[in-house]
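Q: Okay, handing you the structure first.
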Amino acid sequence: MNGHVKNMHFQQLMETATTLLSLLLLMAVDSTKTVAAGRNQQCGNALQQTLKLTRLVQKESVDLIKTYKASQGEMSELLCKVSISNIPDPTISGLEPSERILSIYTQLQAFFPHFRRVYEQQTDLQLPTSPLLSELTGVRARSRDLAAVVNNFYQRFFPNLPVPEPAGGPTTLPPSQNVFQQKVYGCVVLKTYREFLSNVSRELKNLKSKVCRKKQRRNKLF
């Protein structure tokens with residue numbers, strides 16, 4: 001009789017333990033889903049803020065081109081049509097979303113030395129009160145903010161993929177130029193940057209569905 005009672009108690013304990021284990025597993029699965037949903041929302045919000053800032057800089061770059069042309073005097077419409085080398089590529093490279101986000105960041109970095117050179121040249125060509133100089137300063141500052149935001153997103157959502165060191169040494173800038181060459185160079189740099197920002201805007205819209213939802217699907221697998 002005592003043995004029978006002990007068996008019943010043991011069976012009840014096993015059933016209780018099994019039930020408790022099942023509840024814990026369900027709670028763990030629900031917690032994982034909640035974390036995944038929250039992380040997916042954070043990813044979407046971060047990309048949306050990055051896209052918002054990109055569009056702002058893109059709008060400012062369009063206005064900057066207009067101001068630039070207006071301040072260059074005669075034949076200003078022809079300046080941007082000249083082809084020159086050693087300007088950053090406006091296209092975004094990479095197959096994986098992480099590679100394409102990294103490409104955005106590295107391309108932004110590549111434009112900064114050219115912005116500095118254009119600003120230095122235009123400082124010599126324009127009056128100190130020229131609106132072009134203030135607009136150049138604004139776009140340069142906002143672009144650095146954009147690079148910081150993109151870098152932060154990359155490191156936050158791709159923590160196992162560190163940002164590589166820049167390859168190929170310092171950016172190649174043009175040698176000494178005459179006034180006309182300086183005007184051409186500045187216009188081409190700004191036009192190419194405007195095109196690059198347009199590509200970035202389209203890319204970020206596409207990446208939102210690829211990066212954030214993809215990360216959610218990966219979480220579900222675990």
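Just remember, in the structure tokens the first chain shown is A, the second B, etc., residues are 1-based per chain, and ligands are 1-based in the order shown.
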Would you mind listing what lies within 9 Å of region 57-73 of chain A as a list in words, with only C-alpha atoms counted and same-chain residues fewer than 4 positions away left out?
A: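 Non-adjacent residues within range: Lys52, Leu53, Glu77, Leu79, Cys80, Leu125, Gln126, Ser130, Pro131, Leu132, Glu135, Leu136, Gly138, Val139, Arg142, Ser143, Leu146, Lys183, Gly186, Cys187, Leu190, Lys191, Tyr193, Arg194, Glu195, Phe196, Leu197, Ser198 and Ser201 of chain A.
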Q: Write a file of the selected residues as a PDB file, in the first residue's frame, keeping C-alpha atoms.
A:
```pdb
ATOM      1  CA  LYS A  52      14.074  60.880 -43.439  1.00  0.00           C
ATOM      2  CA  LEU A  53      17.509  62.426 -42.935  1.00  0.00           C
ATOM      3  CA  GLU A  77      24.732  75.304 -67.205  1.00  0.00           C
ATOM      4  CA  LEU A  79      29.795  73.133 -65.969  1.00  0.00           C
ATOM      5  CA  CYS A  80      28.084  69.948 -64.768  1.00  0.00           C
ATOM      6  CA  LEU A 125      36.043  82.634 -55.697  1.00  0.00           C
ATOM      7  CA  GLN A 126      33.080  83.957 -53.699  1.00  0.00           C
ATOM      8  CA  SER A 130      27.863  84.363 -50.472  1.00  0.00           C
ATOM      9  CA  PRO A 131      24.904  82.060 -49.719  1.00  0.00           C
ATOM     10  CA  LEU A 132      26.785  79.313 -51.545  1.00  0.00           C
ATOM     11  CA  GLU A 135      24.796  76.131 -48.052  1.00  0.00           C
ATOM     12  CA  LEU A 136      27.980  74.156 -48.660  1.00  0.00           C
ATOM     13  CA  GLY A 138      25.165  73.046 -44.145  1.00  0.00           C
ATOM     14  CA  VAL A 139      25.217  70.128 -46.573  1.00  0.00           C
ATOM     15  CA  ARG A 142      24.267  67.252 -42.479  1.00  0.00           C
ATOM     16  CA  SER A 143      26.087  64.656 -44.559  1.00  0.00           C
ATOM     17  CA  LEU A 146      23.906  61.023 -42.090  1.00  0.00           C
ATOM     18  CA  LYS A 183      34.045  75.579 -61.267  1.00  0.00           C
ATOM     19  CA  GLY A 186      32.667  71.693 -57.878  1.00  0.00           C
ATOM     20  CA  CYS A 187      29.614  71.294 -60.091  1.00  0.00           C
ATOM     21  CA  LEU A 190      27.730  68.260 -56.209  1.00  0.00           C
ATOM     22  CA  LYS A 191      25.799  66.755 -59.113  1.00  0.00           C
ATOM     23  CA  TYR A 193      26.493  63.606 -54.748  1.00  0.00           C
ATOM     24  CA  ARG A 194      22.887  64.518 -55.527  1.00  0.00           C
ATOM     25  CA  GLU A 195      22.643  61.409 -57.706  1.00  0.00           C
ATOM     26  CA  PHE A 196      24.182  59.303 -54.947  1.00  0.00           C
ATOM     27  CA  LEU A 197      21.629  60.543 -52.386  1.00  0.00           C
ATOM     28  CA  SER A 198      18.832  59.678 -54.791  1.00  0.00           C
ATOM     29  CA  SER A 201      16.833  56.979 -50.765  1.00  0.00           C
TER      30      SER A 201
END
```
Q: Set the distance at 7 Å and use only C-alpha atoms: which residues neighbour Leu108 (chain A) once local chain neighbours fewer than 4 positions away are removed? I'd like the list as a list in words.
A: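 Returned residues: Ile104, Phe112 and Ala147 of chain A.
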Q: For the selection you just gave me, I'd like the residues written to a file as a tab-separated table (two decimals), in the first residue's frame, keeping C-alpha atoms.
A:
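The new file selection06.tsv reads:
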```tsv
chain	number	residue	atom	x	y	z
A	104	ILE	CA	26.42	53.72	-48.40
A	112	PHE	CA	33.89	64.39	-47.61
A	147	ALA	CA	27.15	59.03	-42.15
```
Q: When you look at region 86-94 of chain A with a cut-off of 10 Å (counting only C-alpha atoms), what residues show up, excluding the ones that are within fewer than 5 positions of it in the same chain? I need them as a count of residues only.
A: 32
Q: To one decimal place, how far is CA of Gln181 (chain A) from CA of Val82 (chain A) in Å?
A: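 Separation of CA of Gln181 (chain A) and CA of Val82 (chain A): 9.8 Å.
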Q: Name the residues in contact with region 42-47 of chain A at a cut-off of 8 Å, using only C-alpha atoms, excluding same-chain residues fewer than 2 positions from it; report them as JSON, numbers by chain.
A: {"A": [38, 39, 40, 49, 50, 51, 153, 157, 204, 208, 211, 212]}
Q: Which residue out of A:Pro97, A:Glu74, A:Gln121, A:Val179 has the minimum interatomic distance to Phe158 (chain A) when only C-alpha atoms are used?
A: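 Selected residue with least distance to Phe158 (chain A): A:Pro97.
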Q: Report the residues of region 18-222 of chain A whose backbone DSSP state falls under alpha helix (DSSP H), written as a PyMOL selection string.
A: chain A and resi 18-70+76-79+97-125+131-157+179-207+213-221
